[in-house]
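Okay, so here's the structure we're looking at.
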Amino acid sequence: MTRSAELAGGEVISFRTDDGVDLELRRVGPADGPAVLLVHGHGVSSEMFALPEIRNVTDVLADAGYQSWLLDWRGSSRLPHNASGHPYTFDDVALYDLPATVARIRAEIGDRPLFVVAHCIGALALSLSMTGGLLPGLAGVVAQGVFLTPKVSTSARVRVLLGSELLGSRVSHIESDFRKVGLWNRRTLLYAALSRKGDCPDPTCRMVHHGWGMGAKLFEHDHLDARTHDRIADLFGPIPLSVLPHLRQMELAHAVVRWNVDDERYAALPENALDRADRIDCPVLLLAGSRNEAWLDSNKLCYEVLSARNPGVDVRYTEIPSYGHLDTFIGRGAALDVFGHIVDFLDETSARLA
């Protein structure tokens with residue numbers, strides 16, 4: 001049995017957050033190895049770390065002696081919240097999902113080291129949670145694409161603004177999968193307009209590839225294995241428009257900020273995560289593809305800002321030549337080009353902890 005097959009049929013741990021949302025964890029790898037929590041981006045799921053058609057990151061981590069814990073937080077396409085759940089912001093992920101996840105893993109692993117590898121929106125929420133002091137004692141963090149200083153292109157900023165203002169009151173979410181929209185649906189024309197860019201004949205690929213109409217490529221198309229490309233519709237789920245105002249506010253500030261500033265329930269989260277970066281108490285590796293059109297040079301900017309403002313934080317930056325954003329995990333060659341950087345960081349940090 002391959003590790004990917006083991007993961008697909010492995011144990012699923014369900015748990016509930018303090019605000020009543022049901023989440024899921026899956027684990028794979030050596031039972032006594034250091035633990036690595038894998039946090040996916042928005043509109044995808046933990047499956048992005050476990051694609052059976054390629055040598056995926058859980059395979060590489062297991063071979064290096066690490067136990068992977070794959071989280072499906074409330075933005076997962078495996079869960080119903082994006083399409084039918086109550087509206088949420090990334091404050092909820094930072095305040096409820098991630099602390100509950102870490103507590104659940106620690107209950108299983110005891111005092112073994114716990115690392116986090118987070119992608120995209122998962123990394124944004126992680127930075128807010130960490131700077132709120134809600135995840136103390138992590139062994140180390142890898143943030144892919146973005147972390148504390150989100151930055152997008154001008155065209156993407158305008159599209160996010162228009163999307164949240166013009167569509168937010170009329171449409172609750174945007175489907176990724178054209179099969180769920182079809183030719184005779186009130187959203188068909190919207191889907192056609194948002195998926196018009198690109199040369200791929202698959203409308204779902206065009207929609208996802210160009211960021212659900214936001215205009216920024218999410219991956220380098222040629223980096224995908226053909227089998228991954230053929231099931232894009234199964235890997236990506238709906239995108240709720242309720243999160244766009246929070247995302248827009250963060251990008252305009254070029255910092256991760258709290259949305260619920262007047263709600264005492266969220267008082268543990270900093271209003272601006274950069275102002276509390278001194279609470280980051282573990283080494284951080286910032287990864288980014290050199291062709292990342294989703295977040296541009298956000299992580300390079302983050303490295304420069306943290307190095308200048310918080311020299312006590314152990315932060316480093318690594319750029320992956322020719323890679324975009326999501327292909328750093330789902331690309332057919334990521335095991336050779338990307339995952340070694342992650343393992344080297346985990347190994348170096350583990351050696352310092354020993």
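Within each chain, counting starts at residue 1; across the structure tokens, chains are named A, B, ... in the order shown, with ligands numbered 1 upward in that order.
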
(request) Find the spatial neighbours of region 226-233 of chain A, counting only C-alpha atoms, within a cut-off of 12 Å - ignore same-chain residues fewer than 4 positions away - and output them as JSON, numbers by chain. (result) {"A": [43, 44, 45, 47, 48, 50, 51, 52, 53, 54, 56, 77, 175, 176, 177, 178, 179, 180, 181, 200, 201, 202, 203, 204, 205, 206, 207, 208, 209, 219, 220, 221, 222, 237, 238, 327, 329, 330, 331, 332]}

Store the residues picked out above, limited to N, CA and C atoms, as a compact mmCIF listing (two decimals), in the first residue's frame.
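Written out: again06.txt:
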# COMPACT_ATOMS: atom_id res chain seq x y z
N GLY A 43 -10.80 27.28 -0.47
CA GLY A 43 -11.46 26.68 -1.63
C GLY A 43 -10.90 25.35 -2.05
N VAL A 44 -9.84 24.90 -1.40
CA VAL A 44 -9.30 23.57 -1.64
C VAL A 44 -9.50 22.76 -0.36
N SER A 45 -8.71 21.72 -0.17
CA SER A 45 -8.84 20.90 1.03
C SER A 45 -7.50 20.29 1.35
N GLU A 47 -6.61 17.56 0.67
CA GLU A 47 -6.22 16.69 -0.46
C GLU A 47 -5.08 17.30 -1.26
N MET A 48 -4.89 18.63 -1.20
CA MET A 48 -3.80 19.26 -1.94
C MET A 48 -2.44 18.77 -1.47
N ALA A 50 -1.98 15.57 -0.52
CA ALA A 50 -1.98 14.11 -0.56
C ALA A 50 -2.36 13.56 -1.93
N LEU A 51 -2.05 14.29 -3.00
CA LEU A 51 -2.43 13.83 -4.34
C LEU A 51 -1.75 12.48 -4.63
N PRO A 52 -2.53 11.43 -4.91
CA PRO A 52 -1.93 10.11 -5.11
C PRO A 52 -1.18 9.97 -6.42
N GLU A 53 -1.44 10.86 -7.39
CA GLU A 53 -0.81 10.73 -8.70
C GLU A 53 0.60 11.28 -8.76
N ILE A 54 1.03 11.97 -7.72
CA ILE A 54 2.39 12.50 -7.67
C ILE A 54 3.04 12.09 -6.35
N ASN A 56 3.79 13.27 -3.22
CA ASN A 56 3.27 14.44 -2.53
C ASN A 56 4.05 14.75 -1.27
N SER A 77 -12.93 22.52 0.91
CA SER A 77 -13.93 22.04 -0.04
C SER A 77 -14.50 20.69 0.35
N GLU A 175 -19.00 29.06 -7.55
CA GLU A 175 -18.62 27.67 -7.74
C GLU A 175 -17.32 27.57 -8.54
N SER A 176 -16.50 26.61 -8.19
CA SER A 176 -15.31 26.31 -8.99
C SER A 176 -15.64 25.35 -10.11
N ASP A 177 -16.54 24.42 -9.84
CA ASP A 177 -16.86 23.31 -10.74
C ASP A 177 -18.01 23.70 -11.67
N PHE A 178 -17.73 23.76 -12.97
CA PHE A 178 -18.76 24.14 -13.94
C PHE A 178 -19.91 23.14 -13.95
N ARG A 179 -19.65 21.89 -13.59
CA ARG A 179 -20.70 20.88 -13.58
C ARG A 179 -21.81 21.23 -12.58
N LYS A 180 -21.47 22.01 -11.56
CA LYS A 180 -22.46 22.39 -10.56
C LYS A 180 -23.20 23.67 -10.95
N VAL A 181 -22.79 24.27 -12.06
CA VAL A 181 -23.46 25.45 -12.57
C VAL A 181 -24.31 25.09 -13.78
N CYS A 200 -7.05 26.99 -21.83
CA CYS A 200 -7.47 25.63 -21.55
C CYS A 200 -8.94 25.45 -21.91
N PRO A 201 -9.31 24.34 -22.58
CA PRO A 201 -10.71 24.14 -22.95
C PRO A 201 -11.62 23.80 -21.77
N ASP A 202 -11.04 23.45 -20.62
CA ASP A 202 -11.83 23.08 -19.45
C ASP A 202 -12.26 24.35 -18.72
N PRO A 203 -13.57 24.66 -18.65
CA PRO A 203 -14.00 25.90 -18.00
C PRO A 203 -13.67 25.94 -16.51
N THR A 204 -13.69 24.78 -15.84
CA THR A 204 -13.33 24.76 -14.43
C THR A 204 -11.87 25.12 -14.24
N CYS A 205 -11.00 24.60 -15.10
CA CYS A 205 -9.59 24.96 -15.03
C CYS A 205 -9.40 26.45 -15.26
N ARG A 206 -10.10 27.01 -16.24
CA ARG A 206 -9.96 28.44 -16.51
C ARG A 206 -10.41 29.26 -15.30
N MET A 207 -11.51 28.84 -14.67
CA MET A 207 -12.00 29.56 -13.50
C MET A 207 -10.98 29.54 -12.37
N VAL A 208 -10.50 28.35 -12.04
CA VAL A 208 -9.57 28.21 -10.92
C VAL A 208 -8.21 28.81 -11.25
N HIS A 209 -7.73 28.53 -12.47
CA HIS A 209 -6.39 28.97 -12.87
C HIS A 209 -6.23 30.47 -12.72
N PHE A 219 -1.58 28.92 -10.47
CA PHE A 219 -0.53 27.93 -10.68
C PHE A 219 -0.02 28.04 -12.10
N GLU A 220 1.18 27.49 -12.31
CA GLU A 220 1.72 27.36 -13.66
C GLU A 220 1.08 26.13 -14.28
N HIS A 221 0.30 26.34 -15.32
CA HIS A 221 -0.52 25.28 -15.91
C HIS A 221 0.31 24.07 -16.31
N ASP A 222 1.46 24.30 -16.89
CA ASP A 222 2.29 23.20 -17.39
C ASP A 222 2.93 22.39 -16.26
N GLY A 237 -13.47 23.68 -4.44
CA GLY A 237 -14.86 23.87 -4.07
C GLY A 237 -15.31 25.30 -4.22
N PRO A 238 -16.49 25.64 -3.69
CA PRO A 238 -17.01 27.00 -3.81
C PRO A 238 -16.23 28.00 -2.97
N ASP A 327 1.07 25.46 -7.40
CA ASP A 327 1.88 24.36 -7.94
C ASP A 327 3.08 24.05 -7.05
N PHE A 329 2.78 22.97 -4.24
CA PHE A 329 2.34 21.74 -3.57
C PHE A 329 1.74 20.72 -4.51
N ILE A 330 1.01 21.16 -5.55
CA ILE A 330 0.33 20.19 -6.40
C ILE A 330 1.05 19.96 -7.72
N GLY A 331 2.18 20.63 -7.94
CA GLY A 331 2.94 20.42 -9.16
C GLY A 331 3.60 19.06 -9.21
N ARG A 332 3.70 18.50 -10.39
CA ARG A 332 4.25 17.14 -10.53
C ARG A 332 5.71 17.06 -10.12

(request) Check region 13-125 of chain A with DSSP on the backbone and list each residue it calls strand (DSSP E), as a ChimeraX atom specification. (result) /A:13-16,22-28,35-39,67-72,114-119

(message) From the options A:Phe49, A:Tyr303, A:Phe90, A:Tyr96, which residue's atoms come nearest to Asp18 (chain A), counting only C-alpha atoms?
(response) A:Tyr96

(request) Mind giving me the straight-line distance from CA of Val116 (chain A) to CA of Leu138 (chain A) in Å, one decimal? (result)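 A separation of 7.6 Å between them.
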
(request) Looking only at helix (DSSP H, G or I) from DSSP on the backbone, list the matching residues of region 177-341 of chain A as number ranges by chain. (result) A: 178-180, 188-194, 203-209, 221-223, 226-230, 232-235, 241-253, 264-266, 273-279, 298-309, 327-330, 334-337, 339-341

(request) Mind giving me the straight-line distance from CA of Glu11 (chain A) to CA of Gly333 (chain A) in Å, one decimal? (result)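 Computing it gives 27.9 Å between the two atoms.
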
(message) Which residues are near Pro270 (chain A)? Cut-off 10 Å, only C-alpha atoms, ignore same chain within fewer than 4 positions. Put them as a list in words.
(response)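 These residues fall inside the cut-off: Leu128, Ser129, Met130, Thr131, Gly132, Gly133, Val256, Val257, Arg258, Val261, Tyr266, Leu274, Asp275, Arg276 and Ala277 of chain A.
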
(message) Just checking: using only C-alpha atoms, which residue out of A:Arg55, A:Ile280, A:Tyr317, A:Leu353 ends up closest to Asp337 (chain A)?
(response)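 Answer, going by the shortest atom-to-atom distance: A:Arg55.
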
(request) Within 12 Å of region 304-312 of chain A, counting only C-alpha atoms, which residues show up once you throw out same-chain ones fewer than 2 positions away? Write them as a count of residues only, please. (result) 29

(request) Select, from A:Leu336, A:Ala216, A:Leu25, A:Leu241, the residue with the minimum atom-to-atom distance to Ala83 (chain A), counting only C-alpha atoms. (result) A:Leu241

(request) State, in Å with one decimal place, the distance from CA of Thr89 (chain A) to CA of Ser242 (chain A). (result)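 Atom-to-atom, CA of Thr89 (chain A) to CA of Ser242 (chain A), that is 7.4 Å.
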
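For the residues A:Asn272, A:Ser76, A:Thr318, A:Ser14, ranking by smallest atom-to-atom distance to Leu124 (chain A) using only C-alpha atoms places A:Asn272 first.
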
(request) Name the residues in contact with region 342-346 of chain A at a cut-off of 10 Å, using only C-alpha atoms, excluding same-chain residues fewer than 5 positions from it; report them as a PyMOL selection string. (result) chain A and resi 34+36+57+60-61+64-66+115-117+139-143+283-287+316+318+351-352

Export, as a tab-separated table (two decimals), in the first residue's frame, the selected residues with N, CA and C atoms.
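So selection_8.tsv came out as:
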chain	number	residue	atom	x	y	z
A	34	PRO	N	8.40	13.58	14.78
A	34	PRO	CA	7.89	14.93	15.01
A	34	PRO	C	6.65	15.17	14.15
A	36	VAL	N	3.80	17.32	11.97
A	36	VAL	CA	3.71	18.47	11.07
A	36	VAL	C	2.24	18.68	10.72
A	57	VAL	N	3.69	15.82	-0.61
A	57	VAL	CA	4.46	16.29	0.55
A	57	VAL	C	4.36	15.33	1.73
A	60	VAL	N	6.93	12.64	1.17
A	60	VAL	CA	8.29	13.13	1.43
A	60	VAL	C	8.52	13.28	2.93
A	61	LEU	N	7.55	13.83	3.64
A	61	LEU	CA	7.70	14.00	5.09
A	61	LEU	C	7.81	12.65	5.80
A	64	ALA	N	11.12	11.20	5.55
A	64	ALA	CA	12.09	11.94	6.37
A	64	ALA	C	11.85	11.74	7.86
A	65	GLY	N	10.84	10.94	8.22
A	65	GLY	CA	10.60	10.63	9.63
A	65	GLY	C	9.57	11.49	10.33
A	66	TYR	N	8.77	12.25	9.56
A	66	TYR	CA	7.78	13.15	10.16
A	66	TYR	C	6.37	12.59	10.01
A	115	PHE	N	5.35	21.07	14.24
A	115	PHE	CA	5.60	22.09	13.23
A	115	PHE	C	4.28	22.39	12.50
A	116	VAL	N	4.26	23.53	11.78
A	116	VAL	CA	3.12	23.86	10.93
A	116	VAL	C	3.63	24.25	9.56
A	117	VAL	N	3.02	23.67	8.52
A	117	VAL	CA	3.26	24.08	7.14
A	117	VAL	C	1.93	24.59	6.61
A	139	ALA	N	7.24	24.29	17.14
A	139	ALA	CA	8.66	24.05	16.88
A	139	ALA	C	9.16	24.89	15.71
A	140	GLY	N	8.30	25.17	14.75
A	140	GLY	CA	8.69	25.94	13.58
A	140	GLY	C	7.52	26.05	12.63
A	141	VAL	N	7.59	27.03	11.73
A	141	VAL	CA	6.49	27.31	10.79
A	141	VAL	C	7.05	27.51	9.40
A	142	VAL	N	6.38	26.91	8.41
A	142	VAL	CA	6.64	27.19	7.00
A	142	VAL	C	5.39	27.84	6.44
A	143	ALA	N	5.52	29.04	5.88
A	143	ALA	CA	4.40	29.76	5.29
A	143	ALA	C	4.65	29.91	3.80
A	283	PRO	N	11.18	29.52	14.78
A	283	PRO	CA	11.72	29.84	13.45
A	283	PRO	C	10.63	29.80	12.39
A	284	VAL	N	10.75	30.67	11.39
A	284	VAL	CA	9.78	30.77	10.31
A	284	VAL	C	10.51	30.73	8.98
A	285	LEU	N	10.07	29.83	8.09
A	285	LEU	CA	10.56	29.78	6.72
A	285	LEU	C	9.45	30.31	5.81
A	286	LEU	N	9.75	31.37	5.06
A	286	LEU	CA	8.82	31.93	4.09
A	286	LEU	C	9.18	31.41	2.71
A	287	LEU	N	8.25	30.72	2.08
A	287	LEU	CA	8.45	30.16	0.75
A	287	LEU	C	7.59	30.92	-0.25
A	316	ARG	N	13.53	33.35	7.64
A	316	ARG	CA	14.32	33.23	6.41
A	316	ARG	C	13.38	33.14	5.23
A	318	THR	N	12.92	31.81	1.09
A	318	THR	CA	13.40	30.99	-0.03
A	318	THR	C	12.43	31.13	-1.20
A	351	ALA	N	17.07	19.45	14.84
A	351	ALA	CA	18.41	19.21	15.40
A	351	ALA	C	18.72	20.23	16.49
A	352	ARG	N	18.28	21.47	16.31
A	352	ARG	CA	18.53	22.50	17.32
A	352	ARG	C	17.70	22.27	18.58

(request) Have a look at A:His223, A:Ser68, A:Glu271, A:Leu218 and name the one nearest to Ser322 (chain A); count only C-alpha atoms. (result) A:His223
